[in-house]
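S.K.: Contents of data08.csv (CSV, C-alpha atoms) are below:
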chain,number,residue,atom,x,y,z
A,134,MET,CA,80.2,-103.0,74.1
A,135,ARG,CA,78.1,-105.9,75.2
A,136,TYR,CA,74.8,-106.5,73.5
A,137,PRO,CA,72.4,-104.3,75.5
A,138,ASN,CA,69.0,-105.9,75.7
A,139,GLY,CA,69.1,-109.3,74.1
A,140,LYS,CA,66.1,-108.7,71.8
A,141,ILE,CA,67.7,-110.0,68.7
A,142,TYR,CA,69.0,-113.0,70.6
A,143,GLN,CA,65.5,-113.8,72.0
A,144,ALA,CA,63.9,-113.3,68.6
A,145,GLN,CA,65.9,-116.0,67.1
A,146,THR,CA,65.6,-118.8,69.7
A,147,GLN,CA,63.3,-120.7,67.4
A,148,HIS,CA,66.3,-121.4,65.3
A,149,ASP,CA,68.4,-122.8,68.2
A,150,LEU,CA,67.6,-126.4,67.4
A,151,PRO,CA,67.9,-128.0,63.9
A,152,LYS,CA,64.6,-129.0,62.4
A,153,ILE,CA,65.2,-132.7,62.4
A,154,ARG,CA,62.2,-135.1,62.2
A,155,LYS,CA,62.3,-138.8,61.5
A,156,GLY,CA,61.5,-139.7,57.8
A,157,LYS,CA,61.8,-137.2,55.0
A,158,THR,CA,63.1,-134.0,56.3
A,159,THR,CA,63.9,-130.7,54.8
A,160,PHE,CA,67.3,-129.4,55.9
A,161,SER,CA,67.3,-126.3,53.7
A,162,ASN,CA,66.5,-124.1,56.7
A,163,ARG,CA,67.8,-126.0,59.7
A,164,GLY,CA,69.8,-122.9,60.8
A,165,MET,CA,71.7,-123.6,64.0
A,166,LYS,CA,71.7,-120.3,65.9
A,167,LEU,CA,75.5,-120.2,66.7
A,168,GLU,CA,76.4,-121.2,63.1
A,169,ASP,CA,74.1,-118.5,61.7
A,170,MET,CA,75.6,-115.8,64.0
A,171,ILE,CA,79.2,-116.8,62.9
A,172,ASN,CA,78.3,-116.9,59.3
A,173,HIS,CA,76.7,-113.5,59.4
A,174,THR,CA,79.7,-112.2,61.3
A,175,ASN,CA,82.1,-113.6,58.7
A,176,LYS,CA,80.1,-112.0,55.9
A,177,TRP,CA,80.2,-108.7,57.7
A,178,TYR,CA,84.0,-109.1,58.1
A,179,LEU,CA,84.4,-109.9,54.4
A,180,LEU,CA,82.2,-107.0,53.4
A,181,HIS,CA,84.1,-104.6,55.7
A,182,ASP,CA,87.4,-105.9,54.6
A,183,LYS,CA,88.4,-107.1,58.0
A,184,ALA,CA,89.2,-110.8,57.4
A,185,VAL,CA,88.4,-113.7,55.0
A,186,ILE,CA,87.0,-116.5,57.2
A,187,HIS,CA,84.6,-119.1,55.9
A,188,LYS,CA,82.8,-122.1,57.2
A,189,LYS,CA,84.0,-125.3,55.5
A,190,PRO,CA,81.2,-127.3,53.8
A,191,THR,CA,80.0,-130.4,55.6
A,192,PRO,CA,81.9,-133.4,54.1
A,193,ILE,CA,79.5,-135.7,52.3
A,194,GLN,CA,80.3,-139.1,50.7
A,195,VAL,CA,78.4,-139.2,47.4
A,196,VAL,CA,77.4,-142.7,46.3
A,197,THR,CA,74.8,-142.2,43.5
A,198,VAL,CA,74.2,-139.3,41.1
A,199,ASP,CA,71.4,-139.1,38.5
A,200,TYR,CA,71.8,-136.9,35.4
A,201,PRO,CA,68.3,-136.1,34.2
A,202,LYS,CA,68.1,-134.8,30.6
A,203,ARG,CA,68.4,-131.0,30.5
A,204,SER,CA,68.7,-130.6,34.3
A,205,ARG,CA,71.4,-130.4,36.8
A,206,ALA,CA,72.9,-133.5,38.4
A,207,VAL,CA,70.8,-134.9,41.4
A,208,ILE,CA,72.6,-136.7,44.2
A,209,LYS,CA,70.3,-139.7,45.0
A,210,GLU,CA,72.4,-141.4,47.7
A,211,ALA,CA,75.0,-139.9,50.0
A,212,TYR,CA,76.2,-140.0,53.6
A,213,TYR,CA,77.5,-137.5,56.1
A,214,LYS,CA,81.2,-138.1,56.8
A,215,VAL,CA,83.1,-137.2,60.0
A,216,ALA,CA,85.1,-134.1,59.4
A,217,SER,CA,88.9,-134.3,59.9
A,218,THR,CA,89.3,-130.6,60.7
A,219,THR,CA,87.5,-127.8,62.4
A,220,ASP,CA,84.5,-125.9,60.9
A,221,TYR,CA,86.0,-122.5,60.3
A,222,ASN,CA,89.3,-121.2,58.9
A,223,GLY,CA,90.7,-118.2,57.1
A,224,VAL,CA,93.1,-115.3,57.1
A,225,TYR,CA,93.2,-112.2,59.4
A,226,LYS,CA,96.1,-109.7,59.6
A,227,GLY,CA,98.4,-112.2,57.8
A,228,LYS,CA,97.6,-114.9,60.4
A,229,TYR,CA,96.1,-118.3,59.8
A,230,ILE,CA,92.9,-118.5,61.8
A,231,ASP,CA,91.3,-121.8,62.7
A,232,PHE,CA,88.4,-122.5,65.1
A,233,GLU,CA,85.5,-124.6,66.1
A,234,ALA,CA,82.3,-123.2,67.6
A,235,LYS,CA,80.4,-124.9,70.5
A,236,GLN,CA,77.4,-123.9,72.6
A,237,THR,CA,75.9,-125.0,75.8
A,238,ASN,CA,72.7,-124.3,77.8
A,239,LEU,CA,74.6,-124.7,81.1
A,240,LYS,CA,75.3,-121.5,83.0
A,241,ASN,CA,78.5,-122.3,84.9
A,242,THR,CA,80.4,-125.0,83.1
A,243,PHE,CA,81.2,-126.0,79.5
A,244,PRO,CA,81.0,-129.8,79.0
A,245,LEU,CA,83.9,-131.3,77.1
A,246,HIS,CA,82.1,-134.3,75.7
A,247,ASN,CA,81.0,-132.5,72.5
A,248,ILE,CA,84.5,-131.6,71.5
A,249,HIS,CA,86.1,-134.3,69.5
A,250,GLN,CA,89.7,-135.7,69.4
A,251,HIS,CA,90.1,-134.9,65.7
A,252,GLN,CA,89.3,-131.3,66.4
A,253,ILE,CA,91.9,-131.1,69.2
A,254,ASP,CA,94.5,-132.9,67.0
A,255,HIS,CA,93.9,-130.5,64.1
A,256,MET,CA,94.1,-127.3,66.1
A,257,LYS,CA,97.2,-128.6,67.9
A,258,GLN,CA,98.8,-129.2,64.5
A,259,CYS,CA,97.8,-125.8,63.2
A,260,LEU,CA,99.1,-124.1,66.4
A,261,HIS,CA,102.4,-125.9,65.9
A,262,HIS,CA,102.7,-124.3,62.4
A,263,GLY,CA,102.0,-120.8,63.7
A,264,GLY,CA,98.2,-120.7,63.4
A,265,ILE,CA,95.8,-118.9,65.7
A,266,CYS,CA,93.5,-121.6,67.1
A,267,PHE,CA,90.6,-121.5,69.5
A,268,VAL,CA,87.2,-122.7,70.3
A,269,LEU,CA,84.4,-120.1,70.3
A,270,PHE,CA,82.2,-121.0,73.3
A,271,LEU,CA,78.7,-119.6,73.5
A,272,PHE,CA,77.0,-119.8,76.9
A,273,LYS,CA,73.4,-119.4,75.6
A,274,ALA,CA,71.8,-119.0,79.0
A,275,ARG,CA,74.3,-116.2,79.9
A,276,ASN,CA,74.3,-114.7,76.3
A,277,GLU,CA,78.0,-114.6,76.6
A,278,ALA,CA,80.6,-115.9,74.2
A,279,TYR,CA,84.4,-116.4,74.6
A,280,VAL,CA,87.4,-117.0,72.4
A,281,TYR,CA,89.1,-119.9,74.3
A,282,PRO,CA,92.7,-120.6,73.2
A,283,ILE,CA,93.7,-124.0,72.1
A,284,ARG,CA,96.6,-123.9,74.6
A,285,ALA,CA,94.2,-123.8,77.5
A,286,LEU,CA,91.9,-126.4,75.9
A,287,LEU,CA,94.9,-128.8,75.5
A,288,GLU,CA,95.4,-128.7,79.3
A,289,ASP,CA,91.7,-129.3,79.9
A,290,TRP,CA,91.7,-132.1,77.3
A,291,GLN,CA,94.5,-134.0,79.2
A,292,ALA,CA,92.4,-133.7,82.4
A,293,PHE,CA,89.3,-134.9,80.4
A,294,LEU,CA,91.2,-137.9,79.0
A,295,ALA,CA,92.5,-138.7,82.5
A,296,LYS,CA,88.9,-138.6,83.7
A,297,GLU,CA,89.8,-135.8,86.1
A,298,MET,CA,87.5,-133.2,84.5
A,299,THR,CA,84.2,-133.4,82.5
A,300,ALA,CA,83.6,-129.7,82.0
A,301,ILE,CA,85.5,-126.4,82.0
A,302,PRO,CA,84.4,-124.2,84.9
A,303,LEU,CA,83.1,-120.8,83.8
A,304,GLU,CA,85.7,-119.1,85.9
A,305,ARG,CA,88.5,-120.8,83.9
A,306,VAL,CA,86.8,-119.9,80.6
A,307,GLN,CA,86.7,-116.3,81.9
A,308,SER,CA,90.3,-116.2,83.1
A,309,GLU,CA,91.9,-118.0,80.1
A,310,GLY,CA,89.5,-116.9,77.4
A,311,MET,CA,88.6,-113.5,75.9
A,312,LEU,CA,85.0,-112.2,76.1
A,313,VAL,CA,83.5,-111.6,72.7
A,314,GLU,CA,81.5,-108.5,72.1
A,315,MET,CA,77.9,-109.4,71.0
A,316,GLY,CA,75.9,-106.9,69.1
A,317,TYR,CA,73.8,-106.4,66.0
A,318,GLN,CA,76.5,-105.8,63.3
A,319,PRO,CA,78.5,-107.9,63.6
A,320,GLN,CA,76.6,-110.3,65.9
A,321,LEU,CA,79.7,-112.0,67.4
A,322,ASP,CA,82.6,-109.6,67.0
A,323,TYR,CA,85.2,-112.3,67.8
A,324,LEU,CA,88.1,-110.7,66.0
A,325,LYS,CA,88.7,-108.2,68.8
A,326,ALA,CA,89.2,-111.1,71.1
A,327,VAL,CA,91.4,-112.7,68.5
A,328,ASP,CA,93.6,-109.6,68.5
A,329,GLN,CA,94.3,-110.4,72.2
A,330,LEU,CA,95.1,-114.0,71.4
A,331,ILE,CA,97.5,-112.9,68.6
A,332,LEU,CA,99.3,-110.7,71.1
A,333,MET,CA,99.6,-113.6,73.6
A,334,GLU,CA,100.9,-115.9,70.8
A,335,GLU,CA,103.5,-113.3,69.7
A,336,LYS,CA,104.7,-113.0,73.3
A,337,LEU,CA,105.1,-116.8,73.5
A,338,GLY,CA,106.9,-116.9,70.1
A,339,ASN,CA,104.4,-119.7,69.3
A,340,ASN,CA,106.2,-122.6,71.0
A,341,LEU,CA,103.9,-125.4,71.6
B,1066,MET,CA,114.9,-133.6,41.9
B,1067,ARG,CA,112.4,-134.0,39.1
B,1068,TYR,CA,110.5,-137.2,38.7
B,1069,PRO,CA,112.9,-139.2,36.5
B,1070,ASN,CA,111.0,-141.6,34.3
B,1071,GLY,CA,107.3,-140.8,34.6
B,1072,LYS,CA,106.4,-144.4,35.4
B,1073,ILE,CA,104.1,-143.6,38.3
B,1074,TYR,CA,102.5,-140.8,36.3
B,1075,GLN,CA,101.9,-143.1,33.4
B,1076,ALA,CA,100.6,-145.8,35.6
B,1077,GLN,CA,97.9,-143.6,37.0
B,1078,THR,CA,96.6,-142.0,33.8
B,1079,GLN,CA,93.4,-144.1,33.9
B,1080,HIS,CA,92.4,-141.9,36.8
B,1081,ASP,CA,92.9,-138.7,34.8
B,1082,LEU,CA,89.2,-138.4,34.0
B,1083,PRO,CA,86.3,-138.8,36.4
B,1084,LYS,CA,84.3,-141.9,35.8
B,1085,ILE,CA,81.1,-140.1,34.8
B,1086,ARG,CA,78.4,-142.0,32.9
B,1087,LYS,CA,74.9,-141.0,32.3
B,1088,GLY,CA,72.4,-142.6,34.6
B,1089,LYS,CA,73.3,-144.1,38.0
B,1090,THR,CA,77.0,-143.5,38.5
B,1091,THR,CA,79.4,-144.4,41.3
B,1092,PHE,CA,81.5,-141.4,42.4
B,1093,SER,CA,83.3,-143.2,45.2
B,1094,ASN,CA,86.5,-143.6,43.1
B,1095,ARG,CA,86.2,-140.8,40.5
B,1096,GLY,CA,89.8,-139.8,41.5
B,1097,MET,CA,91.0,-136.9,39.4
B,1098,LYS,CA,94.7,-137.3,38.9
B,1099,LEU,CA,95.8,-133.8,40.0
B,1100,GLU,CA,93.5,-133.8,43.1
B,1101,ASP,CA,94.9,-137.2,44.1
B,1102,MET,CA,98.4,-136.0,43.8
B,1103,ILE,CA,97.7,-133.0,45.9
B,1104,ASN,CA,95.8,-134.9,48.5
B,1105,HIS,CA,98.7,-137.4,48.8
B,1106,THR,CA,101.2,-134.6,49.0
B,1107,ASN,CA,99.2,-132.9,51.7
B,1108,LYS,CA,99.0,-136.1,53.7
B,1109,TRP,CA,102.7,-136.4,53.4
B,1110,TYR,CA,103.2,-132.8,54.6
B,1111,LEU,CA,101.0,-133.5,57.6
B,1112,LEU,CA,102.7,-136.8,58.5
B,1113,HIS,CA,106.1,-135.1,58.2
B,1114,ASP,CA,105.1,-132.1,60.1
B,1115,LYS,CA,105.7,-129.6,57.3
B,1116,ALA,CA,102.3,-128.0,57.0
B,1117,VAL,CA,98.6,-128.4,57.6
B,1118,ILE,CA,96.8,-128.0,54.3
B,1119,HIS,CA,93.5,-129.7,53.4
B,1120,LYS,CA,91.1,-129.8,50.5
B,1121,LYS,CA,87.8,-128.3,51.4
B,1122,PRO,CA,84.8,-130.6,51.0
B,1123,THR,CA,82.7,-130.0,47.9
B,1124,PRO,CA,79.7,-127.9,48.9
B,1125,ILE,CA,76.5,-129.8,48.6
B,1126,GLN,CA,72.9,-128.6,49.2
B,1127,VAL,CA,71.1,-131.3,51.1
B,1128,VAL,CA,67.3,-131.4,50.4
B,1129,THR,CA,66.0,-134.7,51.7
B,1130,VAL,CA,67.4,-137.1,54.4
B,1131,ASP,CA,66.0,-140.4,55.4
B,1132,TYR,CA,66.6,-141.9,58.9
B,1133,PRO,CA,66.2,-145.7,58.6
B,1134,LYS,CA,65.8,-147.4,61.9
B,1135,ARG,CA,69.1,-148.5,63.5
B,1136,SER,CA,71.2,-147.1,60.6
B,1137,ARG,CA,72.9,-143.9,59.7
B,1138,ALA,CA,71.1,-141.0,58.0
B,1139,VAL,CA,70.9,-141.4,54.2
B,1140,ILE,CA,70.8,-138.3,52.0
B,1141,LYS,CA,68.2,-139.0,49.3
B,1142,GLU,CA,68.2,-135.7,47.4
B,1143,ALA,CA,71.0,-133.2,47.2
B,1144,TYR,CA,72.7,-130.9,44.6
B,1145,TYR,CA,76.2,-129.7,44.0
B,1146,LYS,CA,76.6,-126.0,44.8
B,1147,VAL,CA,79.1,-123.6,43.3
B,1148,ALA,CA,82.0,-123.0,45.8
B,1149,SER,CA,82.6,-119.5,46.9
B,1150,THR,CA,86.3,-120.1,47.7
B,1151,THR,CA,89.2,-122.1,46.4
B,1152,ASP,CA,89.7,-125.8,47.0
B,1153,TYR,CA,92.8,-125.8,49.2
B,1154,ASN,CA,93.9,-123.9,52.3
B,1155,GLY,CA,95.9,-124.2,55.4
B,1156,VAL,CA,98.9,-123.0,57.4
B,1157,TYR,CA,102.6,-123.3,56.6
B,1158,LYS,CA,105.4,-121.5,58.5
B,1159,GLY,CA,102.8,-119.3,60.2
B,1160,LYS,CA,101.4,-118.2,56.8
B,1161,TYR,CA,97.9,-118.6,55.5
B,1162,ILE,CA,98.1,-120.7,52.3
B,1163,ASP,CA,95.3,-120.6,49.8
B,1164,PHE,CA,95.3,-122.1,46.3
B,1165,GLU,CA,93.3,-123.6,43.4
B,1166,ALA,CA,94.7,-126.4,41.2
B,1167,LYS,CA,94.2,-126.6,37.5
B,1168,GLN,CA,95.5,-128.9,34.8
B,1169,THR,CA,95.7,-128.8,31.0
B,1170,ASN,CA,96.6,-131.2,28.2
B,1171,LEU,CA,98.0,-128.3,26.1
B,1172,LYS,CA,101.8,-128.1,25.9
B,1173,ASN,CA,102.5,-124.4,25.4
B,1174,THR,CA,99.6,-122.3,27.0
B,1175,PHE,CA,97.4,-122.5,30.0
B,1176,PRO,CA,93.8,-121.6,29.0
B,1177,LEU,CA,92.1,-119.1,31.4
B,1178,HIS,CA,88.5,-120.2,30.8
B,1179,ASN,CA,88.5,-122.9,33.5
B,1180,ILE,CA,89.4,-120.4,36.2
B,1181,HIS,CA,86.4,-118.7,37.7
B,1182,GLN,CA,85.7,-115.2,38.8
B,1183,HIS,CA,84.9,-116.2,42.4
B,1184,GLN,CA,88.2,-118.0,42.7
B,1185,ILE,CA,90.0,-114.8,41.6
B,1186,ASP,CA,88.0,-112.7,44.0
B,1187,HIS,CA,88.6,-115.0,46.9
B,1188,MET,CA,92.4,-115.2,46.3
B,1189,LYS,CA,92.6,-111.4,45.8
B,1190,GLN,CA,90.8,-110.9,49.2
B,1191,CYS,CA,93.1,-113.4,50.9
B,1192,LEU,CA,96.2,-111.8,49.4
B,1193,HIS,CA,95.0,-108.4,50.7
B,1194,HIS,CA,94.9,-109.8,54.2
B,1195,GLY,CA,98.4,-111.2,54.0
B,1196,GLY,CA,97.7,-114.7,52.6
B,1197,ILE,CA,100.0,-116.6,50.2
B,1198,CYS,CA,97.8,-117.3,47.2
B,1199,PHE,CA,98.5,-119.1,43.9
B,1200,VAL,CA,97.2,-121.4,41.3
B,1201,LEU,CA,99.0,-124.8,41.0
B,1202,PHE,CA,99.2,-125.4,37.2
B,1203,LEU,CA,99.8,-128.9,36.0
B,1204,PHE,CA,100.9,-129.2,32.3
B,1205,LYS,CA,100.1,-132.9,31.9
B,1206,ALA,CA,101.7,-133.3,28.5
B,1207,ARG,CA,104.9,-131.8,29.8
B,1208,ASN,CA,104.7,-133.5,33.3
B,1209,GLU,CA,105.5,-130.1,34.7
B,1210,ALA,CA,103.8,-128.2,37.5
B,1211,TYR,CA,104.1,-124.6,38.6
B,1212,VAL,CA,103.1,-122.4,41.5
B,1213,TYR,CA,101.7,-119.4,39.8
B,1214,PRO,CA,101.3,-116.4,42.0
B,1215,ILE,CA,97.9,-114.6,42.3
B,1216,ARG,CA,99.6,-111.3,41.5
B,1217,ALA,CA,100.6,-112.5,38.0
B,1218,LEU,CA,97.2,-114.1,37.5
B,1219,LEU,CA,95.4,-110.9,38.4
B,1220,GLU,CA,97.2,-109.2,35.5
B,1221,ASP,CA,96.3,-112.1,33.1
B,1222,TRP,CA,92.7,-111.9,34.4
B,1223,GLN,CA,92.4,-108.3,33.4
B,1224,ALA,CA,93.7,-109.1,30.0
B,1225,PHE,CA,91.3,-112.1,29.8
B,1226,LEU,CA,88.3,-109.9,30.8
B,1227,ALA,CA,89.3,-107.3,28.2
B,1228,LYS,CA,89.4,-110.1,25.6
B,1229,GLU,CA,93.1,-109.4,25.0
B,1230,MET,CA,94.2,-112.9,26.2
B,1231,THR,CA,92.6,-116.4,26.3
B,1232,ALA,CA,95.5,-118.4,27.7
B,1233,ILE,CA,98.7,-117.8,29.6
B,1234,PRO,CA,101.8,-118.6,27.4
B,1235,LEU,CA,104.1,-121.2,28.9
B,1236,GLU,CA,107.0,-118.7,28.9
B,1237,ARG,CA,105.1,-116.4,31.2
B,1238,VAL,CA,104.2,-119.3,33.5
B,1239,GLN,CA,107.9,-120.2,33.6
B,1240,SER,CA,109.1,-116.6,34.2
B,1241,GLU,CA,106.4,-115.6,36.8
B,1242,GLY,CA,105.8,-119.0,38.3
B,1243,MET,CA,108.0,-121.4,40.3
B,1244,LEU,CA,108.6,-124.9,39.0
B,1245,VAL,CA,107.3,-127.6,41.4
B,1246,GLU,CA,109.5,-130.7,42.0
B,1247,MET,CA,107.6,-133.8,41.1
B,1248,GLY,CA,108.6,-137.1,42.6
B,1249,TYR,CA,107.3,-140.1,44.5
B,1250,GLN,CA,107.1,-138.9,48.1
B,1251,PRO,CA,105.7,-136.2,48.0
B,1252,GLN,CA,104.3,-136.4,44.5
B,1253,LEU,CA,104.1,-132.6,44.0
B,1254,ASP,CA,106.5,-130.9,46.4
B,1255,TYR,CA,104.9,-127.5,46.0
B,1256,LEU,CA,106.0,-126.1,49.4
B,1257,LYS,CA,109.5,-125.5,48.1
B,1258,ALA,CA,108.0,-123.3,45.4
B,1259,VAL,CA,105.8,-121.7,48.0
B,1260,ASP,CA,109.0,-120.8,50.0
B,1261,GLN,CA,110.1,-118.6,47.0
B,1262,LEU,CA,106.6,-117.1,46.8
B,1263,ILE,CA,106.8,-116.2,50.6
B,1264,LEU,CA,110.2,-114.5,50.0
B,1265,MET,CA,108.7,-112.5,47.1
B,1266,GLU,CA,105.7,-111.4,49.2
B,1267,GLU,CA,107.9,-110.5,52.2
B,1268,LYS,CA,110.0,-108.2,49.8
B,1269,LEU,CA,106.8,-106.6,48.6
B,1270,GLY,CA,105.6,-106.1,52.1
B,1271,ASN,CA,102.3,-107.6,50.9
B,1272,ASN,CA,100.8,-104.5,49.3
B,1273,LEU,CA,98.2,-105.4,46.7
Produce structure tokens that represent the structure in this file.
M.R.:
Amino acid sequence: MRYPNGKIYQAQTQHDLPKIRKGKTTFSNRGMKLEDMINHTNKWYLLHDKAVIHKKPTPIQVVTVDYPKRSRAVIKEAYYKVASTTDYNGVYKGKYIDFEAKQTNLKNTFPLHNIHQHQIDHMKQCLHHGGICFVLFLFKARNEAYVYPIRALLEDWQAFLAKEMTAIPLERVQSEGMLVEMGYQPQLDYLKAVDQLILMEEKLGNNL
Amino acid sequence: MRYPNGKIYQAQTQHDLPKIRKGKTTFSNRGMKLEDMINHTNKWYLLHDKAVIHKKPTPIQVVTVDYPKRSRAVIKEAYYKVASTTDYNGVYKGKYIDFEAKQTNLKNTFPLHNIHQHQIDHMKQCLHHGGICFVLFLFKARNEAYVYPIRALLEDWQAFLAKEMTAIPLERVQSEGMLVEMGYQPQLDYLKAVDQLILMEEKLGNNL
């Protein structure tokens, strides 16, 4: 079942971009749309006993902490660190699940420049140890999402590094990836697509 | 092979406690001993292609961020959040691995008060979906570590909640848990103990 009228999606577009301003900025509600959708979906999966999948916290290097009397510790100086893994992992049907989520405003290609080498390396390692690894692509302008297997992405990445390719054509995403049902509850029902990926991996016997 | 003379262990005891002082404090090298040992071990496993297991970043609620011109963003106000999961997870032999690490200075019991309900809940959920879940107990005074299965801990936890038990006796840790080989490289070779746990789970057919 595809999401029928797009109302919910339209209603939340004000959250599409993080609220970042120069100077002092409140990040408490910066809600990226795709991240929110996945977090809601993961909560729904947990509540309905389907899977245990969580977003990893953003790694932060803490430099200075104050301990005011009778209150909790306040971090006064800290910096964002580059993550060494992907954003999401967990367990589903006994399988280790690991993925990164990416979105684009483009309609017909998915640019590769916002995928990072460390994410590729991490998913390749997890795949090698029998994990189920993919990128969840959201084409915002199409209101379509795909589970795109790391095996296909590794081919694209080679072409990207060789400067033969800058973006994955939609047709390839559609042929190599699995369409994700979008709805209200859960918003991005990606586990049904993951079921297909698990079947594919089991056929391959998980040989990288 | 057990670690023979304890030299390395002794040499690092100054890192056993985090360097926390009131007022402005540097956390850059607060190195908890057990966490360091596990992080080194996980790096060794990754390097030697045994498993992909990482510590999750500490969850931090960022409130204020400064963007100085021509420099990276500086977090000026943030707070530690309570984690909703355990500290470590990853993939090994196609299995989802999830664990928490705890240490004690006591010789003959492991107190339950520093294990938290959310950690129990999370590991129980992961076990239910086929994950391999345990607590890595370090008895510092004995220089012994054990992989203690979540199934045994769940029984202890019931007794703890019923106020029938405050600590797990060493004999129970030794009979229900698997001794971890301690050495130089890797420092805490817990995957060999995990191999035994995987066999136990496979015999049980993973029914909670």
S.K.: Based on all atoms listed in the file, which of the residues in chain A come within 7 Å of chain B? I want them as a PyMOL selection string.
M.R.: chain A and resi 155-161+184-185+189-192+195-200+206-212+224-229+258-259+262-264
S.K.: Could you work out how far atom CA of A:Arg305 lies from atom CA of A:Ile331, giving the answer in Å with one decimal?
M.R.: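 Distance reported for this atom pair: 19.4 Å.
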S.K.: For a test of reading the model, state the distance in Å between atom CA of A:Ala234 and atom CA of A:Gln318, rounded to one decimal.
M.R.: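 Separation between atom CA of A:Ala234 and atom CA of A:Gln318: 18.8 Å.
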S.K.: For the atom pair atom CA of B:Ile1103 and atom CA of B:Val1245, what is the interatomic distance in Å to one decimal place?
M.R.: 11.9 Å
S.K.: Counting all atoms listed in the file, I want the residues whose atoms come within 12 Å of (112.9, -124.1, 38.8) in the file frame, returned as an NGL selection string.
M.R.: :B and (1066-1067 or 1209-1212 or 1238-1247 or 1255 or 1257-1259 or 1261)
S.K.: When you count only C-alpha atoms, which of these residues is closest to A:Leu294: A:Lys166, A:Leu180, A:Lys240, A:Gln250?
M.R.: A:Gln250
S.K.: Given only C-alpha atoms as the basis, pick out the residue of A:Gln252, A:Leu324, A:Arg275, A:Thr242 nearest to A:Glu304.
M.R.: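 Under the stated criterion, the closest residue is A:Thr242.
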S.K.: Between B:Ile1185, B:Leu1171, B:Leu1203, B:Ile1180, which residue has the minimum interatomic distance to B:Leu1253, considering only C-alpha atoms?
M.R.: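 Going through B:Ile1185, B:Leu1171, B:Leu1203, B:Ile1180 one by one, the smallest distance to B:Leu1253 is for B:Leu1203.
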